[in-house]
>>> print(open('data35.txt').read())   # compact mmCIF, C-alpha atoms
# COMPACT_ATOMS: atom_id res chain seq x y z
CA MET H 24 -39.77 -42.06 -45.59
CA SER H 25 -42.18 -42.02 -42.69
CA VAL H 26 -41.69 -39.54 -39.89
CA PRO H 27 -43.23 -40.07 -36.43
CA ILE H 28 -45.88 -37.57 -35.51
CA TRP H 29 -44.03 -36.27 -32.44
CA ARG H 30 -41.26 -35.24 -34.79
CA PHE H 31 -43.41 -34.07 -37.66
CA ILE H 32 -45.48 -31.50 -35.73
CA PRO H 33 -42.60 -29.46 -34.24
CA ALA H 34 -40.78 -29.63 -37.54
CA ALA H 35 -43.84 -28.38 -39.39
CA VAL H 36 -44.33 -25.57 -36.87
CA LEU H 37 -40.68 -24.52 -37.20
CA ILE H 38 -40.73 -24.58 -41.00
CA ALA H 39 -44.04 -22.72 -41.16
CA ALA H 40 -42.68 -20.07 -38.78
CA GLY H 41 -39.57 -19.74 -40.92
CA VAL H 42 -41.61 -19.35 -44.08
CA ALA H 43 -43.81 -16.77 -42.34
CA ALA H 44 -40.71 -14.82 -41.29
CA MET H 45 -39.42 -14.95 -44.86
CA ALA H 46 -42.79 -13.72 -46.13
CA VAL H 47 -42.79 -10.79 -43.72
CA SER H 48 -39.22 -9.98 -44.72
CA THR H 49 -40.05 -10.08 -48.43
CA TRP H 50 -43.09 -7.87 -47.96
CA GLY H 51 -41.00 -5.40 -45.98
CA VAL H 52 -38.24 -5.26 -48.57
CA PHE H 53 -40.75 -4.31 -51.24
CA ARG H 54 -42.92 -2.03 -49.12
CA ILE H 55 -40.33 -0.05 -47.17
CA ARG H 56 -38.63 2.60 -49.24
CA TYR H 57 -35.71 3.89 -47.22
CA VAL H 58 -32.45 1.91 -47.10
CA LEU H 59 -31.85 1.87 -43.37
CA ASN H 60 -35.44 0.81 -42.69
CA ARG H 61 -35.28 -1.74 -45.45
CA LEU H 62 -32.24 -3.34 -43.86
CA HIS H 63 -34.35 -4.28 -40.85
CA ALA H 64 -36.82 -6.10 -43.07
CA ALA H 65 -34.09 -7.88 -45.02
CA ALA H 66 -32.37 -8.98 -41.83
CA ILE H 67 -35.49 -10.81 -40.62
CA GLY H 68 -35.18 -13.34 -43.41
CA ASP H 69 -31.48 -14.02 -42.87
CA SER H 70 -31.41 -14.11 -39.11
CA LEU H 71 -34.78 -15.69 -38.32
CA GLY H 72 -36.38 -17.22 -41.41
CA LEU H 73 -33.49 -19.32 -42.67
CA PRO H 74 -32.37 -20.71 -39.26
CA LEU H 75 -35.98 -21.60 -38.42
CA VAL H 76 -36.38 -23.55 -41.65
CA THR H 77 -33.01 -25.21 -41.03
CA ALA H 78 -34.03 -26.14 -37.48
CA GLY H 79 -37.26 -27.61 -38.85
CA LEU H 80 -35.31 -29.74 -41.33
CA VAL H 81 -32.95 -30.89 -38.58
CA VAL H 82 -35.91 -31.98 -36.46
CA LEU H 83 -37.48 -33.70 -39.46
CA TYR H 84 -34.47 -35.70 -40.61
CA GLY H 85 -32.57 -36.28 -37.38
CA TRP H 86 -28.84 -36.12 -36.86
CA SER H 87 -26.45 -36.85 -39.68
CA LEU H 88 -23.56 -35.21 -41.48
CA ASN H 89 -26.03 -33.26 -43.60
CA THR H 90 -27.55 -31.83 -40.41
CA VAL H 91 -24.19 -30.36 -39.49
CA LYS H 92 -23.89 -28.88 -42.96
CA ALA H 93 -27.35 -27.34 -42.69
CA LEU H 94 -26.53 -25.83 -39.31
CA LEU H 95 -23.28 -24.47 -40.76
CA ILE H 96 -25.33 -22.65 -43.39
CA ALA H 97 -27.38 -21.00 -40.64
CA VAL H 98 -24.21 -20.04 -38.74
CA LEU H 99 -22.73 -18.62 -41.95
CA PHE H 100 -25.78 -16.43 -42.40
CA TRP H 101 -25.72 -15.31 -38.77
CA LEU H 102 -22.10 -14.29 -39.26
CA SER H 103 -22.30 -12.66 -42.65
CA SER H 104 -25.71 -11.00 -42.65
CA PRO H 105 -25.02 -8.52 -39.79
CA VAL H 106 -21.67 -7.64 -41.35
CA CYS H 107 -23.35 -6.92 -44.67
CA SER H 108 -25.99 -4.81 -42.94
CA HIS H 109 -23.28 -2.90 -41.12
CA LEU H 110 -21.37 -2.18 -44.32
CA LEU H 111 -24.51 -1.08 -46.16
CA SER H 112 -25.57 1.25 -43.37
CA ALA H 113 -22.05 2.67 -43.12
CA LEU H 114 -22.17 3.42 -46.84
CA GLU H 115 -25.59 5.04 -46.50
CA THR H 116 -24.56 7.26 -43.59
CA SER H 117 -21.45 8.38 -45.44
CA THR H 118 -23.24 9.19 -48.70
CA ASN H 119 -26.65 10.58 -47.72
CA ASP H 120 -26.69 14.39 -47.59
CA ARG H 121 -30.12 14.57 -45.95
CA LEU H 122 -29.51 11.97 -43.28
CA GLU H 123 -31.15 14.00 -40.48
CA GLU H 124 -34.45 13.98 -42.33
CA ASP H 125 -34.48 10.23 -42.77
CA CYS H 126 -33.47 9.05 -39.34
CA ARG H 127 -32.79 10.23 -35.80
CA ILE H 128 -29.10 10.78 -35.10
CA LEU H 129 -27.90 10.80 -31.53
CA PRO H 130 -24.51 10.48 -29.84
CA LEU H 131 -23.56 7.17 -28.30
CA ASP H 132 -23.66 8.31 -24.62
CA GLN H 133 -27.15 9.70 -25.13
CA LEU H 134 -28.20 6.35 -26.58
CA HIS H 135 -26.79 4.61 -23.51
CA SER H 136 -28.64 6.93 -21.13
CA GLU H 137 -31.87 6.37 -23.04
CA GLY H 138 -31.34 2.64 -22.74
CA ARG H 139 -30.83 2.96 -18.96
CA ASP H 140 -34.00 4.99 -18.53
CA GLY H 141 -35.93 2.34 -20.38
CA LYS H 142 -37.24 4.85 -22.82
CA MET E 30 -73.04 -6.77 -48.98
CA SER E 31 -73.49 -5.10 -52.32
CA ARG E 32 -71.33 -2.22 -53.49
CA GLU E 33 -74.32 0.14 -53.48
CA ASP E 34 -74.89 -0.49 -49.77
CA PRO E 35 -73.96 2.65 -47.82
CA ARG E 36 -72.07 0.51 -45.33
CA TYR E 37 -69.73 -0.73 -48.09
CA ALA E 38 -67.62 2.42 -48.28
CA GLY E 39 -64.96 2.17 -45.62
CA SER E 40 -65.65 -1.48 -44.90
CA ARG E 41 -62.98 -4.15 -44.88
CA TRP E 42 -63.81 -5.39 -48.37
CA ASP E 43 -63.78 -1.89 -49.76
CA LYS E 44 -60.37 -1.33 -48.21
CA LEU E 45 -59.13 -4.62 -49.63
CA ALA E 46 -60.39 -3.74 -53.10
CA ARG E 47 -58.82 -0.29 -52.93
CA TRP E 48 -55.57 -1.77 -51.60
CA ARG E 49 -55.49 -4.12 -54.58
CA ARG E 50 -55.97 -1.16 -56.92
CA GLY E 51 -53.16 0.67 -55.15
CA GLU E 52 -55.32 3.49 -53.79
CA TYR E 53 -55.14 2.58 -50.14
CA ASP E 54 -52.24 1.56 -47.90
CA PRO E 55 -52.92 0.59 -44.29
CA THR E 56 -49.32 1.27 -43.26
CA ALA E 57 -48.99 4.63 -45.01
CA GLY E 58 -47.23 7.20 -42.89
CA ARG E 59 -46.64 4.82 -40.00
CA LEU E 60 -43.67 2.86 -41.29
CA GLU E 61 -40.98 5.40 -41.93
CA LEU E 62 -39.87 8.84 -40.86
CA ARG E 63 -39.86 10.18 -44.39
CA GLU E 64 -40.62 8.18 -47.49
CA PRO E 65 -38.23 9.05 -50.29
CA ASP E 66 -39.87 10.85 -53.19
CA PHE E 67 -40.68 8.63 -56.09
CA ALA E 68 -42.76 9.42 -59.12
CA PRO E 69 -46.44 8.99 -58.21
CA ARG E 70 -48.24 6.09 -59.76
CA ASP E 71 -50.23 7.99 -62.41
CA GLU E 72 -47.11 9.85 -63.52
CA LEU E 73 -45.36 6.55 -63.95
CA GLN E 74 -48.25 5.20 -65.99
CA LYS E 75 -48.20 8.27 -68.21
CA LEU E 76 -44.49 7.80 -68.81
CA ARG E 77 -44.94 4.15 -69.69
CA LYS E 78 -47.78 4.98 -72.09
CA TYR E 79 -45.65 7.63 -73.79
CA ALA E 80 -42.72 5.23 -74.14
CA ALA E 81 -44.98 2.57 -75.63
CA GLN E 82 -46.49 5.08 -78.06
CA THR E 83 -43.13 6.28 -79.39
CA GLU E 84 -42.06 2.71 -79.81
CA ARG E 85 -45.22 1.90 -81.75
CA ASP E 86 -44.88 4.94 -84.01
CA ASP E 87 -41.21 4.35 -84.63
CA ARG E 88 -41.03 8.10 -84.50
CA TYR E 89 -37.28 8.38 -84.82
CA GLU E 90 -36.90 6.71 -88.18
CA LEU E 91 -40.04 6.52 -90.27
CA GLY E 92 -41.52 9.53 -92.04
CA LEU E 93 -38.22 11.37 -92.06
CA ASP E 94 -36.25 9.47 -94.61
CA THR E 95 -37.83 7.58 -97.49
CA ARG E 96 -34.66 5.62 -98.24
CA LEU E 97 -34.61 4.45 -94.65
CA ARG E 98 -38.22 3.34 -94.97
CA GLY E 99 -37.36 1.24 -98.03
CA PHE E 100 -34.34 -0.26 -96.35
CA ARG E 101 -36.42 -1.07 -93.33
CA ARG E 102 -38.95 -3.00 -95.40
CA VAL E 103 -36.23 -5.00 -97.15
CA TYR E 104 -34.54 -5.60 -93.83
CA LEU E 105 -37.74 -6.87 -92.26
CA ALA E 106 -38.44 -9.15 -95.21
CA ALA E 107 -34.88 -10.51 -95.19
CA ALA E 108 -35.01 -11.07 -91.45
CA GLY E 109 -38.32 -12.90 -91.77
CA LEU E 110 -37.00 -15.10 -94.58
CA LEU E 111 -33.85 -15.93 -92.63
CA ALA E 112 -35.90 -16.78 -89.54
CA VAL E 113 -38.20 -19.05 -91.59
CA PHE E 114 -35.20 -20.76 -93.19
CA LEU E 115 -33.52 -21.35 -89.83
CA ALA E 116 -36.75 -22.62 -88.30
CA ALA E 117 -37.29 -25.00 -91.23
CA LEU E 118 -33.72 -26.26 -90.99
CA LEU E 119 -34.08 -26.93 -87.29
CA LEU E 120 -37.45 -28.59 -87.74
CA VAL E 121 -36.10 -30.89 -90.46
CA THR E 122 -33.18 -31.81 -88.19
CA VAL E 123 -35.49 -32.45 -85.28
CA SER E 124 -37.71 -34.66 -87.44
CA TRP E 125 -34.76 -37.03 -87.82
CA LEU E 126 -34.34 -37.34 -84.07
CA PRO E 127 -36.11 -40.12 -82.16
CA GLN E 128 -39.56 -39.31 -80.76
CA PHE E 129 -39.64 -37.60 -77.39
CA GLY E 130 -39.78 -40.26 -74.71
CA ASP E 131 -39.21 -43.02 -77.26
CA TYR E 132 -38.15 -46.15 -75.42
CA THR E 133 -35.84 -47.24 -78.20
CA ALA E 134 -34.00 -43.91 -78.44
CA PRO E 135 -30.28 -44.47 -77.82
CA GLU E 136 -30.04 -41.68 -75.26
CA HIS E 137 -32.66 -43.44 -73.14
CA ASN E 138 -31.04 -46.81 -73.00
CA GLU E 139 -27.51 -47.11 -74.20
CA VAL E 140 -25.88 -43.94 -72.95
CA ALA E 141 -27.63 -43.57 -69.61
CA ARG E 142 -27.48 -47.27 -68.86
CA ARG E 143 -23.80 -47.38 -69.69
CA TYR E 144 -23.11 -44.42 -67.39
CA ILE E 145 -25.09 -45.86 -64.51
CA GLU E 146 -24.13 -49.50 -64.79
CA GLN E 147 -20.49 -49.29 -65.82
CA GLY E 148 -19.61 -45.76 -64.80
CA LEU E 149 -18.24 -46.77 -61.42
CA GLU E 150 -16.21 -49.60 -62.88
CA GLU E 151 -14.85 -47.67 -65.84
CA THR E 152 -14.14 -44.29 -64.28
CA GLY E 153 -13.70 -45.23 -60.63
CA ALA E 154 -15.79 -42.23 -59.53
CA VAL E 155 -18.49 -42.83 -56.94
CA ASN E 156 -20.07 -39.55 -58.01
CA ILE E 157 -21.48 -40.54 -61.39
CA VAL E 158 -21.79 -36.92 -62.47
CA ALA E 159 -18.08 -36.36 -61.95
CA GLY E 160 -17.40 -39.53 -63.89
CA MET E 161 -19.51 -38.21 -66.75
CA ILE E 162 -18.27 -34.65 -66.99
CA LEU E 163 -14.60 -35.37 -66.34
CA ASP E 164 -14.17 -38.75 -67.97
CA TYR E 165 -16.72 -39.62 -70.65
CA ARG E 166 -17.36 -36.02 -71.59
CA ALA E 167 -14.15 -34.39 -70.41
CA PHE E 168 -13.81 -32.60 -73.71
CA ASP E 169 -16.98 -30.58 -72.96
CA THR E 170 -15.61 -29.59 -69.59
CA PHE E 171 -12.34 -28.54 -71.18
CA GLY E 172 -14.35 -26.27 -73.45
CA GLU E 173 -16.18 -24.82 -70.48
CA SER E 174 -12.91 -24.05 -68.69
CA CYS E 175 -11.60 -22.41 -71.85
CA VAL E 176 -14.77 -20.31 -72.04
CA LEU E 177 -13.98 -19.04 -68.55
CA PHE E 178 -10.44 -18.26 -69.64
CA ILE E 179 -11.72 -16.37 -72.69
CA ALA E 180 -14.15 -14.44 -70.47
CA VAL E 181 -11.23 -13.38 -68.27
CA CYS E 182 -9.31 -12.26 -71.34
CA CYS E 183 -12.26 -10.18 -72.54
CA VAL E 184 -12.77 -8.56 -69.15
CA LEU E 185 -9.04 -7.81 -69.02
CA MET E 186 -9.19 -6.18 -72.44
CA LEU E 187 -12.21 -4.07 -71.58
CA LEU E 188 -11.54 -3.03 -67.99
CA ARG E 189 -7.80 -2.99 -67.62
CA VAL E 190 -6.42 0.40 -66.71
CA ASP E 191 -3.43 1.44 -68.78
CA LYS E 192 -0.33 1.77 -66.66
CA GLU E 193 1.30 4.42 -68.82
CA GLU E 194 -1.24 7.06 -67.89
CA ASP E 195 -0.38 10.10 -65.84
CA PRO E 196 0.26 8.84 -62.30
CA HIS E 197 -1.28 11.93 -60.67
CA SER E 198 -4.64 11.61 -62.41
CA MET E 199 -4.60 7.90 -61.72
CA ALA E 200 -4.10 8.50 -58.00
CA ALA E 201 -6.93 11.02 -58.00
CA GLU E 202 -9.20 8.58 -59.82
CA ASP E 203 -8.25 5.90 -57.32
CA MET E 204 -9.26 8.16 -54.48
CA SER E 205 -12.61 9.12 -55.96
CA ASP E 206 -13.38 5.55 -56.97
CA ARG E 207 -12.56 4.01 -53.68
CA TYR E 208 -13.85 6.67 -51.38
CA PHE E 209 -16.90 4.67 -50.44
CA GLU E 210 -15.27 1.29 -50.15
CA PRO E 211 -14.64 -0.16 -46.69
CA HIS E 212 -11.31 0.96 -45.24
CA ARG E 213 -9.92 -0.90 -42.24
CA GLU E 214 -13.40 -1.97 -41.31
CA VAL E 215 -12.87 -3.80 -37.99
CA ILE E 216 -16.15 -5.66 -38.06
CA LEU E 217 -15.61 -6.89 -41.60
CA GLN E 218 -12.05 -7.91 -40.83
CA MET E 219 -13.15 -9.89 -37.79
CA ALA E 220 -15.82 -11.69 -39.82
CA ALA E 221 -13.32 -12.31 -42.61
CA ARG E 222 -10.83 -13.79 -40.14
CA VAL E 223 -13.45 -16.38 -39.23
CA LEU E 224 -14.99 -16.95 -42.64
CA VAL E 225 -12.03 -16.89 -45.04
CA PRO E 226 -10.18 -19.97 -43.67
CA VAL E 227 -13.45 -21.88 -43.40
CA SER E 228 -14.47 -21.10 -46.95
CA LEU E 229 -11.02 -21.87 -48.36
CA VAL E 230 -10.86 -25.23 -46.56
CA LEU E 231 -14.43 -26.03 -47.58
CA GLY E 232 -13.63 -25.17 -51.19
CA ILE E 233 -10.54 -27.40 -51.19
CA TYR E 234 -12.60 -30.19 -49.62
CA VAL E 235 -15.29 -29.84 -52.27
CA VAL E 236 -12.71 -29.90 -55.08
CA LEU E 237 -10.79 -32.89 -53.73
CA ASN E 238 -13.95 -34.85 -52.94
CA GLY E 239 -15.53 -34.15 -56.30
CA HIS E 240 -15.31 -37.77 -57.43
CA ILE E 241 -16.66 -39.17 -54.15
CA SER E 242 -19.41 -36.81 -53.10
CA PRO E 243 -21.44 -34.08 -54.83
CA GLY E 244 -19.25 -31.14 -55.73
CA GLY E 245 -16.26 -30.80 -57.97
CA GLY E 246 -14.10 -28.21 -59.60
CA PHE E 247 -16.76 -25.70 -60.57
CA SER E 248 -18.51 -25.45 -57.19
CA GLY E 249 -15.34 -25.81 -55.14
CA GLY E 250 -13.51 -23.25 -57.25
CA ALA E 251 -16.39 -20.83 -56.78
CA ILE E 252 -16.13 -21.28 -52.99
CA ILE E 253 -12.37 -20.69 -53.04
CA GLY E 254 -12.84 -17.62 -55.24
CA THR E 255 -15.44 -16.24 -52.85
CA GLY E 256 -13.05 -16.68 -49.94
CA LEU E 257 -10.32 -14.83 -51.83
CA VAL E 258 -12.69 -12.00 -52.75
CA LEU E 259 -13.81 -11.68 -49.13
CA TYR E 260 -10.19 -11.56 -47.98
CA LEU E 261 -9.47 -8.87 -50.54
CA THR E 262 -12.49 -6.80 -49.50
CA ALA E 263 -11.55 -6.97 -45.85
CA PHE E 264 -7.77 -6.50 -45.99
CA GLY E 265 -7.09 -4.69 -49.24
CA PHE E 266 -4.80 -5.24 -52.15
CA GLU E 267 -1.54 -5.09 -50.19
CA ARG E 268 -2.29 -8.32 -48.37
CA THR E 269 -3.73 -10.33 -51.27
CA GLY E 270 -1.17 -9.00 -53.74
CA ARG E 271 1.49 -11.02 -51.94
CA PHE E 272 0.10 -14.30 -53.20
CA MET E 273 -2.42 -13.39 -55.90
CA ASN E 274 -0.99 -11.05 -58.49
CA GLU E 275 -1.04 -10.94 -62.25
CA THR E 276 1.81 -13.44 -62.63
CA THR E 277 0.27 -15.95 -60.27
CA VAL E 278 -3.13 -15.78 -61.90
CA LYS E 279 -1.65 -16.14 -65.38
CA LEU E 280 0.61 -18.99 -64.34
CA LEU E 281 -2.09 -20.87 -62.47
CA THR E 282 -4.75 -20.55 -65.18
CA VAL E 283 -2.52 -21.35 -68.13
CA SER E 284 -0.76 -24.27 -66.45
CA ALA E 285 -4.08 -25.73 -65.27
CA LEU E 286 -5.56 -25.53 -68.74
CA THR E 287 -2.42 -26.92 -70.36
CA PHE E 288 -2.24 -29.82 -67.94
CA TYR E 289 -5.92 -30.55 -68.54
CA CYS E 290 -5.39 -30.51 -72.29
CA PHE E 291 -2.37 -32.81 -72.29
CA ALA E 292 -3.66 -35.23 -69.67
CA LYS E 293 -7.01 -35.67 -71.35
CA SER E 294 -5.46 -35.86 -74.83
CA TYR E 295 -3.32 -38.74 -73.61
CA SER E 296 -6.30 -40.43 -72.02
CA PHE E 297 -8.51 -40.02 -75.08
CA TYR E 298 -5.73 -41.12 -77.42
CA THR E 299 -5.02 -44.31 -75.53
CA GLY E 300 -8.71 -44.96 -74.97
CA ALA E 301 -9.74 -44.48 -78.57
CA ASN E 302 -6.89 -46.64 -79.91
CA HIS E 303 -7.27 -49.32 -77.25
CA LEU E 304 -3.73 -48.81 -76.04
CA SER E 305 -2.73 -49.61 -72.49
CA SER E 306 -2.64 -46.55 -70.30
CA PHE E 307 -1.03 -46.00 -66.95
CA ILE E 308 -4.20 -44.25 -65.72
CA THR E 309 -6.31 -46.70 -63.75
CA PRO E 310 -9.66 -46.13 -62.04
CA GLY E 311 -8.25 -47.31 -58.72
CA VAL E 312 -10.33 -48.31 -55.72
CA PRO E 313 -13.69 -46.49 -55.88
CA GLY E 314 -14.24 -44.33 -52.81
CA ALA E 315 -10.55 -43.79 -52.06
CA ILE E 316 -9.32 -40.22 -52.25
CA LEU E 317 -6.76 -41.09 -54.95
CA SER E 318 -9.08 -42.95 -57.27
CA GLY E 319 -11.00 -42.22 -60.40
CA GLY E 320 -7.97 -41.96 -62.66
CA LEU E 321 -7.55 -38.40 -63.86
CA ILE E 322 -10.75 -37.05 -62.30
CA VAL E 323 -9.11 -35.67 -59.12
CA TYR E 324 -6.42 -33.84 -61.07
CA LEU E 325 -8.87 -32.50 -63.63
CA ASN E 326 -11.11 -31.31 -60.80
CA ILE E 327 -8.16 -29.46 -59.28
CA CYS E 328 -7.44 -27.85 -62.67
CA VAL E 329 -11.05 -26.76 -63.11
CA GLY E 330 -11.16 -25.47 -59.51
CA VAL E 331 -7.99 -23.41 -60.04
CA VAL E 332 -9.37 -21.92 -63.26
CA VAL E 333 -12.73 -21.04 -61.68
CA ALA E 334 -11.17 -19.51 -58.55
CA CYS E 335 -8.72 -17.42 -60.60
CA THR E 336 -11.54 -16.31 -62.91
CA MET E 337 -13.70 -15.10 -60.04
CA TYR E 338 -10.82 -13.32 -58.36
CA CYS E 339 -9.73 -11.73 -61.63
CA PHE E 340 -13.26 -10.52 -62.42
CA TYR E 341 -13.57 -8.91 -59.00
CA VAL E 342 -10.19 -7.24 -59.24
CA MET E 343 -10.88 -5.94 -62.74
CA PHE E 344 -14.28 -4.53 -61.88
CA ARG E 345 -13.03 -2.96 -58.68
CA LYS E 346 -9.71 -1.49 -59.67
CA GLY E 347 -8.88 -2.34 -63.26
CA GLY E 348 -5.56 -3.94 -62.48
CA PHE E 349 -3.81 -6.14 -59.97
>>> encode(input="data35.txt", output="structure tokens")
Amino acid sequence: MSVPIWRFIPAAVLIAAGVAAMAVSTWGVFRIRYVLNRLHAAAIGDSLGLPLVTAGLVVLYGWSLNTVKALLIAVLFWLSSPVCSHLLSALETSTNDRLEEDCRILPLDQLHSEGRDGK
Amino acid sequence: MSREDPRYAGSRWDKLARWRRGEYDPTAGRLELREPDFAPRDELQKLRKYAAQTERDDRYELGLDTRLRGFRRVYLAAAGLLAVFLAALLLVTVSWLPQFGDYTAPEHNEVARRYIEQGLEETGAVNIVAGMILDYRAFDTFGESCVLFIAVCCVLMLLRVDKEEDPHSMAAEDMSDRYFEPHREVILQMAARVLVPVSLVLGIYVVLNGHISPGGGFSGGAIIGTGLVLYLTAFGFERTGRFMNETTVKLLTVSALTFYCFAKSYSFYTGANHLSSFITPGVPGAILSGGLIVYLNICVGVVVACTMYCFYVMFRKGGF
């Protein structure tokens, strides 16, 4: 199957970016030790790496029923990955006795005011 | 730049070499607030060396008991003999098989050609794989479904919580076990509201289309089971218990397996004796085609979904 060059280059860029994101995510999962920090690394792969690869494949093969299926996979990951992260972090905050040493805890209104100040 | 060069120490290559040896980490101290304490690398190596040494010495058994030492020698010799015998048996059997890649081997021409050339006509399944596993080799698939059923039985035997125990201690155990599970988690429930119907419909689609497109009972049943497990995680046992309880699971699994057994027995019996059968392949590509394949796919899907749900329930609570 021959693919025109104007389609091949963006597809290759998208897939390469997705693979790079997955690589960064994998490195982070192995390098970072603490759960809540690790979640950030793991989320990169689900929320950025996989949809980028999917988008690259969509560009490469054009529109068909399989395209819709591939996009559905990306949507599934966008839906489920944040929920999983949320549940894991909720578990960690409810079980860790030394939570203050591992991360900064601040009330919600303080977080909002920090966001307004652009800190 | 040679390693003796004074500029080498601290250079990029030096850092790379030390990073490879695990002595240097460019991100150390900058990535996290506090890195959890793990055993340092040399400690870990010492531990591994010690474990390997004790294993090599066989310190727990040898040198303490002379009878044990004798038994161990006999045991090793017997095990070696048995292994040699088994290997020889297998090698002799293999030597009777056709050469690997032999063009005249029956598996390379007759069987595969028959499946590909006449599979559509004989089974009515556009998906050749479905035609193979649920028509030509349906007996294998029946065995696989039964293996799932046996696995459920074993898990039930091992993990089931006895109901005649003291109710107070059981309630306390329940509390301590399920303290960390999600309770009325709004975010999870919202996601489940979106995902559960989609996954159930997708699973049913995959099961019903098993003879037309890739898919079938095993994959579709796994999708349905996942949807059920997600629903259970999000909404708890009170909601799922209304339609999936012990009776339902038993009834569904046993009736699916029984139907599979009788339907395929009939089909094999008529096929082997060249009797006329009321099962016809139908029009390939239509949803009700492929003879028994659709119904067998539904059976397999039901068994797989029930198995997954049952496993999850048993591991989580030990009862329905």
>>> atom_distance(input="data35.txt", atom1="atom CA of E:Gly153", atom2="atom CA of E:Gly172")
22.9 Å
>>> residues_around(input="data35.txt", residues="E:Ile145", least_positions_apart="6", cutoff="12 Å", atoms="only C-alpha atoms", output="number ranges by chain")
E: 137-139, 151-152, 154-158, 160-161
>>> closest_residue(input="data35.txt", among="H:Leu111, H:Val106, H:Ile32, H:Ala78", to="chain E", atoms="all atoms listed in the file")
H:Val106
>>> atom_distance(input="data35.txt", atom1="atom CA of E:Lys279", atom2="atom CA of E:Val329")
14.4 Å
>>> atom_distance(input="data35.txt", atom1="atom CA of E:Ile216", atom2="atom CA of H:Ala113")
11.4 Å
>>> interface_residues(input="data35.txt", of="chain H", to="chain E", cutoff="7 Å", atoms="all atoms listed in the file", output="list of chain:residue names")
H:Arg56, H:Tyr57, H:Leu102, H:Val106, H:Leu114, H:Glu124, H:Asp125, H:Cys126
>>> closest_residue(input="data35.txt", among="H:Leu75, H:Ile67, H:Ala97, H:Leu59", to="H:Pro33", atoms="only C-alpha atoms")
H:Leu75
>>> closest_residue(input="data35.txt", among="H:Ala34, H:Ala65, H:Val58, H:Ile28", to="H:Pro105", atoms="only C-alpha atoms")
H:Ala65
>>> closest_residue(input="data35.txt", among="H:Gly79, H:Gly85, H:Arg54, H:Glu115", to="E:Pro55", atoms="only C-alpha atoms")
H:Arg54
>>> residues_around(input="data35.txt", residues="H:Ile38", least_positions_apart="3", cutoff="6 Å", atoms="all atoms listed in the file", output="compact mmCIF listing (two decimals) with C-alpha atoms, in the frame of the given file")
# COMPACT_ATOMS: atom_id res chain seq x y z
CA ALA H 35 -43.84 -28.38 -39.39
CA GLY H 41 -39.57 -19.74 -40.92
CA VAL H 76 -36.38 -23.55 -41.65
CA GLY H 79 -37.26 -27.61 -38.85
>>> closest_residue(input="data35.txt", among="E:Ile179, E:Tyr260, E:Ile253, E:Val215", to="E:Thr282", atoms="all atoms listed in the file")
E:Ile179
